[in-house]
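Peer 1: structure.txt is reproduced below (compact mmCIF, N, CA and C atoms).
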```txt
# COMPACT_ATOMS: atom_id res chain seq x y z
N MET A 1403 21.46 -10.53 -7.83
CA MET A 1403 20.62 -10.10 -6.73
C MET A 1403 19.17 -10.04 -7.20
N CYS A 1404 18.30 -10.68 -6.47
CA CYS A 1404 16.88 -10.69 -6.79
C CYS A 1404 16.16 -9.82 -5.75
N LEU A 1405 15.36 -8.89 -6.24
CA LEU A 1405 14.62 -8.02 -5.32
C LEU A 1405 13.36 -8.72 -4.86
N SER A 1406 13.16 -8.72 -3.57
CA SER A 1406 12.05 -9.46 -2.95
C SER A 1406 10.75 -8.66 -2.99
N PRO A 1407 9.63 -9.36 -2.79
CA PRO A 1407 8.35 -8.66 -2.69
C PRO A 1407 8.35 -7.64 -1.54
N GLU A 1408 9.09 -7.93 -0.46
CA GLU A 1408 9.18 -7.02 0.67
C GLU A 1408 9.85 -5.71 0.26
N PHE A 1409 10.85 -5.80 -0.64
CA PHE A 1409 11.50 -4.60 -1.14
C PHE A 1409 10.47 -3.70 -1.81
N PHE A 1410 9.67 -4.28 -2.70
CA PHE A 1410 8.68 -3.49 -3.44
C PHE A 1410 7.56 -2.98 -2.54
N ASP A 1411 7.17 -3.78 -1.54
CA ASP A 1411 6.16 -3.32 -0.58
C ASP A 1411 6.68 -2.13 0.22
N GLY A 1412 7.92 -2.22 0.67
CA GLY A 1412 8.53 -1.12 1.41
C GLY A 1412 8.70 0.12 0.54
N ARG A 1413 9.08 -0.10 -0.70
CA ARG A 1413 9.26 1.00 -1.65
C ARG A 1413 7.92 1.71 -1.88
N ASP A 1414 6.88 0.93 -2.12
CA ASP A 1414 5.56 1.52 -2.34
C ASP A 1414 5.08 2.29 -1.12
N ALA A 1415 5.31 1.73 0.07
CA ALA A 1415 4.90 2.40 1.31
C ALA A 1415 5.66 3.72 1.47
N LEU A 1416 6.94 3.72 1.12
CA LEU A 1416 7.73 4.94 1.22
C LEU A 1416 7.21 6.00 0.24
N VAL A 1417 6.91 5.61 -0.97
CA VAL A 1417 6.38 6.54 -1.97
C VAL A 1417 5.08 7.17 -1.45
N LEU A 1418 4.18 6.34 -0.92
CA LEU A 1418 2.92 6.87 -0.40
C LEU A 1418 3.14 7.83 0.76
N ALA A 1419 4.06 7.48 1.66
CA ALA A 1419 4.33 8.34 2.82
C ALA A 1419 4.96 9.66 2.39
N ARG A 1420 5.91 9.61 1.47
CA ARG A 1420 6.56 10.84 1.01
C ARG A 1420 5.59 11.72 0.25
N GLU A 1421 4.74 11.10 -0.57
CA GLU A 1421 3.75 11.88 -1.31
C GLU A 1421 2.72 12.49 -0.38
N ALA A 1422 2.35 11.78 0.68
CA ALA A 1422 1.41 12.33 1.67
C ALA A 1422 2.03 13.55 2.36
N ALA A 1423 3.36 13.55 2.48
CA ALA A 1423 4.06 14.68 3.10
C ALA A 1423 4.31 15.81 2.09
N GLY A 1424 3.96 15.60 0.83
CA GLY A 1424 4.09 16.65 -0.17
C GLY A 1424 5.26 16.51 -1.12
N ASP A 1425 6.14 15.53 -0.90
CA ASP A 1425 7.23 15.29 -1.83
C ASP A 1425 6.69 14.59 -3.07
N VAL A 1426 7.42 14.69 -4.18
CA VAL A 1426 6.97 14.07 -5.43
C VAL A 1426 8.11 13.23 -5.98
N GLU A 1427 7.78 12.01 -6.39
CA GLU A 1427 8.77 11.16 -7.02
C GLU A 1427 9.31 11.88 -8.26
N LEU A 1428 10.62 11.86 -8.43
CA LEU A 1428 11.27 12.67 -9.46
C LEU A 1428 10.68 12.45 -10.85
N GLU A 1429 10.53 11.21 -11.26
CA GLU A 1429 10.02 10.96 -12.61
C GLU A 1429 8.58 11.47 -12.78
N HIS A 1430 7.79 11.42 -11.73
CA HIS A 1430 6.43 11.97 -11.79
C HIS A 1430 6.45 13.49 -11.90
N PHE A 1431 7.45 14.10 -11.30
CA PHE A 1431 7.61 15.55 -11.36
C PHE A 1431 8.06 15.98 -12.76
N LEU A 1432 8.96 15.21 -13.36
CA LEU A 1432 9.55 15.59 -14.65
C LEU A 1432 8.64 15.35 -15.84
N LYS A 1433 7.85 14.29 -15.79
CA LYS A 1433 7.06 13.90 -16.97
C LYS A 1433 6.18 15.02 -17.53
N PRO A 1434 5.34 15.69 -16.72
CA PRO A 1434 4.50 16.75 -17.30
C PRO A 1434 5.31 17.96 -17.77
N ARG A 1435 6.54 18.04 -17.33
CA ARG A 1435 7.40 19.17 -17.73
C ARG A 1435 8.27 18.83 -18.94
N HIS A 1436 8.15 17.59 -19.42
CA HIS A 1436 8.90 17.11 -20.59
C HIS A 1436 10.41 17.29 -20.41
N VAL A 1437 10.87 16.90 -19.24
CA VAL A 1437 12.29 16.95 -18.92
C VAL A 1437 12.73 15.52 -18.60
N SER A 1438 13.87 15.12 -19.13
CA SER A 1438 14.36 13.75 -18.93
C SER A 1438 15.39 13.70 -17.80
N LEU A 1439 15.59 12.50 -17.28
CA LEU A 1439 16.64 12.28 -16.30
C LEU A 1439 18.00 12.59 -16.92
N ASP A 1440 18.14 12.25 -18.19
CA ASP A 1440 19.39 12.53 -18.89
C ASP A 1440 19.67 14.03 -18.92
N ARG A 1441 18.65 14.83 -19.09
CA ARG A 1441 18.82 16.29 -19.10
C ARG A 1441 19.33 16.77 -17.74
N LEU A 1442 18.77 16.23 -16.65
CA LEU A 1442 19.25 16.61 -15.32
C LEU A 1442 20.70 16.19 -15.13
N HIS A 1443 21.05 15.04 -15.71
CA HIS A 1443 22.44 14.58 -15.68
C HIS A 1443 23.34 15.56 -16.43
N GLN A 1444 22.91 16.00 -17.60
CA GLN A 1444 23.69 16.95 -18.39
C GLN A 1444 23.87 18.28 -17.65
N MET A 1445 22.88 18.65 -16.87
CA MET A 1445 22.92 19.91 -16.13
C MET A 1445 23.72 19.80 -14.83
N GLY A 1446 24.13 18.58 -14.47
CA GLY A 1446 24.92 18.40 -13.27
C GLY A 1446 24.12 18.21 -12.00
N LEU A 1447 22.80 18.00 -12.13
CA LEU A 1447 21.96 17.81 -10.95
C LEU A 1447 21.91 16.35 -10.52
N LEU A 1448 22.20 15.45 -11.46
CA LEU A 1448 22.29 14.02 -11.18
C LEU A 1448 23.63 13.53 -11.72
N LYS A 1449 24.17 12.49 -11.08
CA LYS A 1449 25.37 11.88 -11.64
C LYS A 1449 25.07 10.42 -11.96
N ASP A 1450 25.70 9.95 -13.00
CA ASP A 1450 25.52 8.58 -13.46
C ASP A 1450 26.25 7.64 -12.51
N ASP A 1451 25.58 6.60 -12.09
CA ASP A 1451 26.17 5.65 -11.14
C ASP A 1451 26.15 4.24 -11.71
N ARG A 1452 26.22 4.10 -13.01
CA ARG A 1452 26.09 2.78 -13.63
C ARG A 1452 27.23 1.83 -13.32
N GLU A 1453 28.39 2.34 -13.01
CA GLU A 1453 29.50 1.43 -12.74
C GLU A 1453 29.34 0.68 -11.43
N HIS A 1454 28.40 1.11 -10.59
CA HIS A 1454 28.22 0.48 -9.28
C HIS A 1454 26.90 -0.28 -9.14
N ILE A 1455 26.28 -0.63 -10.25
CA ILE A 1455 24.97 -1.29 -10.14
C ILE A 1455 25.04 -2.74 -10.61
N SER A 1456 24.09 -3.51 -10.16
CA SER A 1456 23.91 -4.86 -10.67
C SER A 1456 22.73 -4.83 -11.63
N THR A 1457 22.49 -5.92 -12.30
CA THR A 1457 21.38 -5.96 -13.25
C THR A 1457 20.03 -5.84 -12.56
N ALA A 1458 19.97 -6.07 -11.26
CA ALA A 1458 18.71 -5.97 -10.52
C ALA A 1458 18.40 -4.54 -10.10
N ASP A 1459 19.38 -3.65 -10.16
CA ASP A 1459 19.14 -2.29 -9.73
C ASP A 1459 18.20 -1.57 -10.69
N LEU A 1460 17.38 -0.71 -10.13
CA LEU A 1460 16.36 -0.03 -10.91
C LEU A 1460 16.78 1.38 -11.33
N PHE A 1461 17.69 1.97 -10.60
CA PHE A 1461 18.00 3.37 -10.80
C PHE A 1461 19.49 3.54 -10.98
N THR A 1462 19.89 4.37 -11.90
CA THR A 1462 21.31 4.51 -12.19
C THR A 1462 21.84 5.92 -11.93
N TYR A 1463 21.08 6.75 -11.29
CA TYR A 1463 21.52 8.12 -11.01
C TYR A 1463 21.56 8.38 -9.52
N GLN A 1464 22.45 9.28 -9.14
CA GLN A 1464 22.52 9.78 -7.76
C GLN A 1464 22.39 11.30 -7.82
N VAL A 1465 21.86 11.86 -6.76
CA VAL A 1465 21.72 13.31 -6.66
C VAL A 1465 23.10 13.92 -6.36
N THR A 1466 23.45 14.97 -7.10
CA THR A 1466 24.70 15.69 -6.84
C THR A 1466 24.47 16.72 -5.74
N VAL A 1467 25.53 17.36 -5.32
CA VAL A 1467 25.42 18.42 -4.31
C VAL A 1467 24.48 19.51 -4.83
N GLU A 1468 24.65 19.90 -6.09
CA GLU A 1468 23.77 20.92 -6.68
C GLU A 1468 22.32 20.45 -6.71
N GLY A 1469 22.12 19.19 -7.09
CA GLY A 1469 20.78 18.64 -7.16
C GLY A 1469 20.10 18.52 -5.82
N SER A 1470 20.90 18.43 -4.76
CA SER A 1470 20.30 18.28 -3.42
C SER A 1470 19.57 19.54 -2.96
N LEU A 1471 19.72 20.64 -3.69
CA LEU A 1471 18.92 21.83 -3.39
C LEU A 1471 17.44 21.56 -3.64
N PHE A 1472 17.15 20.67 -4.60
CA PHE A 1472 15.78 20.39 -5.01
C PHE A 1472 15.32 18.97 -4.66
N MET A 1473 16.28 18.04 -4.58
CA MET A 1473 15.92 16.62 -4.51
C MET A 1473 16.56 15.94 -3.31
N VAL A 1474 15.95 14.83 -2.91
CA VAL A 1474 16.49 13.98 -1.86
C VAL A 1474 16.48 12.55 -2.40
N GLU A 1475 17.54 11.83 -2.13
CA GLU A 1475 17.69 10.45 -2.60
C GLU A 1475 17.49 9.48 -1.45
N VAL A 1476 16.74 8.40 -1.72
CA VAL A 1476 16.57 7.33 -0.74
C VAL A 1476 17.23 6.10 -1.36
N LYS A 1477 18.50 5.91 -1.04
CA LYS A 1477 19.30 4.87 -1.70
C LYS A 1477 18.78 3.46 -1.44
N ASP A 1478 18.29 3.20 -0.23
CA ASP A 1478 17.83 1.84 0.09
C ASP A 1478 16.73 1.37 -0.85
N TYR A 1479 15.92 2.30 -1.33
CA TYR A 1479 14.81 1.95 -2.22
C TYR A 1479 15.01 2.48 -3.63
N GLN A 1480 16.19 3.01 -3.91
CA GLN A 1480 16.54 3.48 -5.25
C GLN A 1480 15.50 4.47 -5.78
N LEU A 1481 15.21 5.47 -4.96
CA LEU A 1481 14.22 6.49 -5.31
C LEU A 1481 14.81 7.88 -5.13
N ILE A 1482 14.33 8.80 -5.94
CA ILE A 1482 14.67 10.21 -5.79
C ILE A 1482 13.35 10.98 -5.75
N PHE A 1483 13.24 11.88 -4.77
CA PHE A 1483 12.05 12.71 -4.62
C PHE A 1483 12.42 14.17 -4.78
N VAL A 1484 11.49 14.94 -5.31
CA VAL A 1484 11.61 16.40 -5.30
C VAL A 1484 11.04 16.85 -3.96
N ARG A 1485 11.81 17.63 -3.25
CA ARG A 1485 11.39 18.10 -1.93
C ARG A 1485 10.16 19.03 -2.07
N ARG A 1486 9.21 18.84 -1.19
CA ARG A 1486 7.99 19.64 -1.20
C ARG A 1486 8.31 21.13 -1.21
N ARG A 1487 9.21 21.55 -0.35
CA ARG A 1487 9.53 22.97 -0.23
C ARG A 1487 10.34 23.51 -1.40
N ALA A 1488 10.89 22.62 -2.22
CA ALA A 1488 11.70 23.06 -3.35
C ALA A 1488 10.99 22.85 -4.69
N ALA A 1489 9.80 22.27 -4.68
CA ALA A 1489 9.13 21.91 -5.94
C ALA A 1489 8.85 23.13 -6.82
N ALA A 1490 8.32 24.18 -6.26
CA ALA A 1490 8.00 25.38 -7.06
C ALA A 1490 9.28 25.99 -7.65
N ALA A 1491 10.31 26.11 -6.83
CA ALA A 1491 11.58 26.68 -7.31
C ALA A 1491 12.20 25.78 -8.39
N PHE A 1492 12.10 24.47 -8.20
CA PHE A 1492 12.66 23.54 -9.19
C PHE A 1492 11.89 23.64 -10.51
N GLY A 1493 10.57 23.73 -10.44
CA GLY A 1493 9.77 23.90 -11.65
C GLY A 1493 10.13 25.18 -12.38
N THR A 1494 10.29 26.27 -11.64
CA THR A 1494 10.68 27.55 -12.24
C THR A 1494 12.07 27.44 -12.87
N PHE A 1495 12.98 26.82 -12.16
CA PHE A 1495 14.34 26.62 -12.67
C PHE A 1495 14.32 25.85 -13.99
N LEU A 1496 13.57 24.74 -14.03
CA LEU A 1496 13.51 23.93 -15.25
C LEU A 1496 12.88 24.71 -16.41
N ASN A 1497 11.84 25.48 -16.12
CA ASN A 1497 11.22 26.31 -17.17
C ASN A 1497 12.20 27.35 -17.69
N ARG A 1498 12.94 27.95 -16.80
CA ARG A 1498 13.90 28.99 -17.20
C ARG A 1498 15.00 28.38 -18.08
N VAL A 1499 15.47 27.20 -17.70
CA VAL A 1499 16.50 26.53 -18.49
C VAL A 1499 15.96 26.16 -19.87
N LYS A 1500 14.72 25.67 -19.92
CA LYS A 1500 14.13 25.31 -21.22
C LYS A 1500 13.95 26.53 -22.10
N ARG A 1501 13.51 27.65 -21.52
CA ARG A 1501 13.29 28.87 -22.31
C ARG A 1501 14.59 29.43 -22.88
N THR A 1502 15.66 29.32 -22.12
CA THR A 1502 16.93 29.88 -22.58
C THR A 1502 17.71 28.91 -23.45
N LYS A 1503 17.24 27.66 -23.53
CA LYS A 1503 17.88 26.62 -24.33
C LYS A 1503 19.38 26.53 -24.03
N MET A 1504 19.69 26.56 -22.75
CA MET A 1504 21.09 26.51 -22.34
C MET A 1504 21.64 25.10 -22.52
N GLY A 1505 22.94 25.06 -22.72
CA GLY A 1505 23.63 23.80 -22.90
C GLY A 1505 23.83 23.08 -21.58
N PRO A 1506 24.46 21.90 -21.65
CA PRO A 1506 24.72 21.11 -20.45
C PRO A 1506 25.49 21.90 -19.41
N ARG A 1507 25.10 21.73 -18.16
CA ARG A 1507 25.75 22.26 -16.96
C ARG A 1507 25.69 23.78 -16.84
N VAL A 1508 25.27 24.48 -17.87
CA VAL A 1508 25.20 25.93 -17.79
C VAL A 1508 23.99 26.37 -16.99
N GLY A 1509 22.90 25.64 -17.11
CA GLY A 1509 21.65 26.03 -16.48
C GLY A 1509 21.71 26.21 -14.99
N PHE A 1510 22.60 25.49 -14.32
CA PHE A 1510 22.63 25.57 -12.86
C PHE A 1510 23.04 26.96 -12.39
N ASP A 1511 23.74 27.71 -13.20
CA ASP A 1511 24.14 29.06 -12.81
C ASP A 1511 22.93 29.95 -12.54
N LEU A 1512 21.77 29.57 -13.04
CA LEU A 1512 20.56 30.37 -12.84
C LEU A 1512 20.10 30.39 -11.38
N VAL A 1513 20.49 29.39 -10.59
CA VAL A 1513 20.04 29.37 -9.19
C VAL A 1513 21.09 29.91 -8.25
N ARG A 1514 22.22 30.24 -8.73
CA ARG A 1514 23.28 30.76 -7.86
C ARG A 1514 23.12 32.24 -7.66
```
Could you write out this structure as structure tokens?
Peer 2:
Amino acid sequence: MCLSPEFFDGRDALVLAREAAGDVELEHFLKPRHVSLDRLHQMGLLKDDREHISTADLFTYQVTVEGSLFMVEVKDYQLIFVRRRAAAAFGTFLNRVKRTKMGPRVGFDLVR
């Protein structure tokens, strides 16, 4: 499968529209916080979807039920955004998990 220029134009337009509405692309949200996608996977907020991808796919994670408290996935464009209304809580959650140095999947108990 080859991704067309229209795919990337639509993807870019979606990113701009979501950011104008206050949402943040997940990787842009995580980078200044020094948190990896793999870490979110370990915590159970993302699930690995590599068995269902082709070599043209850009993204290999899906948002879990727990992750949907903070994030929204746009499968057509292979994007995940942090919800505007959940960004502050998600940042606090990630800081709390980093401070406590909790192991995989344990950190989610902090939001329950």
Peer 1: What does the structure give for the distance between atom N of Gly1412 of chain A and atom CA of Lys1477 of chain A, in Å to one decimal?
Peer 2: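 Distance reported for this atom pair: 13.6 Å.
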Peer 1: What is the distance between atom CA of Arg1435 of chain A and atom CA of Phe1409 of chain A, in Å to one decimal?
Peer 2: 29.3 Å
Peer 1: Report the distance between atom CA of Thr1462 of chain A and atom CA of Asp1411 of chain A in Å, rounded to one decimal place.
Peer 2: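 Here the two named atoms are 20.6 Å from each other.
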Peer 1: Could you give me the axis-aligned bounding box of segment 1419-1425 of chain A, with 4 Å of padding per side, as centre plus edge lengths in Å to one decimal, as AutoDock Vina command-line options?
Peer 2:
```
--center_x 4.3 --center_y 12.1 --center_z 0.0 --size_x 13.8 --size_y 17.2 --size_z 14.2
```
Peer 1: Using only C-alpha atoms, which of A:Val1499, A:Val1467, A:Leu1405, A:Ala1423 sits nearest Arg1485 of chain A?
Peer 2: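 Of A:Val1499, A:Val1467, A:Leu1405, A:Ala1423, the one nearest Arg1485 of chain A is A:Ala1423, counting only C-alpha atoms.
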Peer 1: Excluding same-chain residues fewer than 4 positions from Asp1425 of chain A, what lies within 6 Å of it counting only C-alpha atoms, as an mmCIF file with N, CA and C atoms, in the coordinates of the input?
Peer 2:
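That gives us out08.cif:
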```cif
data_model
loop_
_atom_site.group_PDB
_atom_site.id
_atom_site.type_symbol
_atom_site.label_atom_id
_atom_site.label_comp_id
_atom_site.auth_asym_id
_atom_site.auth_seq_id
_atom_site.Cartn_x
_atom_site.Cartn_y
_atom_site.Cartn_z
ATOM 1 N N ARG A 1420 5.910 9.610 1.470
ATOM 2 C CA ARG A 1420 6.560 10.840 1.010
ATOM 3 C C ARG A 1420 5.590 11.720 0.250
ATOM 4 N N GLU A 1421 4.740 11.100 -0.570
ATOM 5 C CA GLU A 1421 3.750 11.880 -1.310
ATOM 6 C C GLU A 1421 2.720 12.490 -0.380
ATOM 7 N N VAL A 1484 11.490 14.940 -5.310
ATOM 8 C CA VAL A 1484 11.610 16.400 -5.300
ATOM 9 C C VAL A 1484 11.040 16.850 -3.960
ATOM 10 N N ARG A 1485 11.810 17.630 -3.250
ATOM 11 C CA ARG A 1485 11.390 18.100 -1.930
ATOM 12 C C ARG A 1485 10.160 19.030 -2.070
ATOM 13 N N ARG A 1486 9.210 18.840 -1.190
ATOM 14 C CA ARG A 1486 7.990 19.640 -1.200
ATOM 15 C C ARG A 1486 8.310 21.130 -1.210
#
```
Peer 1: Do a neighbour search on Glu1429 of chain A at 7 Å with all atoms listed in the file, toss out local chain neighbours closer than 4 positions, and write the hits as JSON, numbers by chain.
Peer 2: {"A": [1433, 1434, 1482, 1483]}
Peer 1: Compile the contact shell of Asp1450 of chain A as a list in words: residues with an atom at most 7 Å away, counting all atoms listed in the file, same-chain residues fewer than 6 positions apart removed.
Peer 2: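 Final neighbour list, sorted by chain and number: His1443, Thr1462, Tyr1463 and Gln1464 of chain A.
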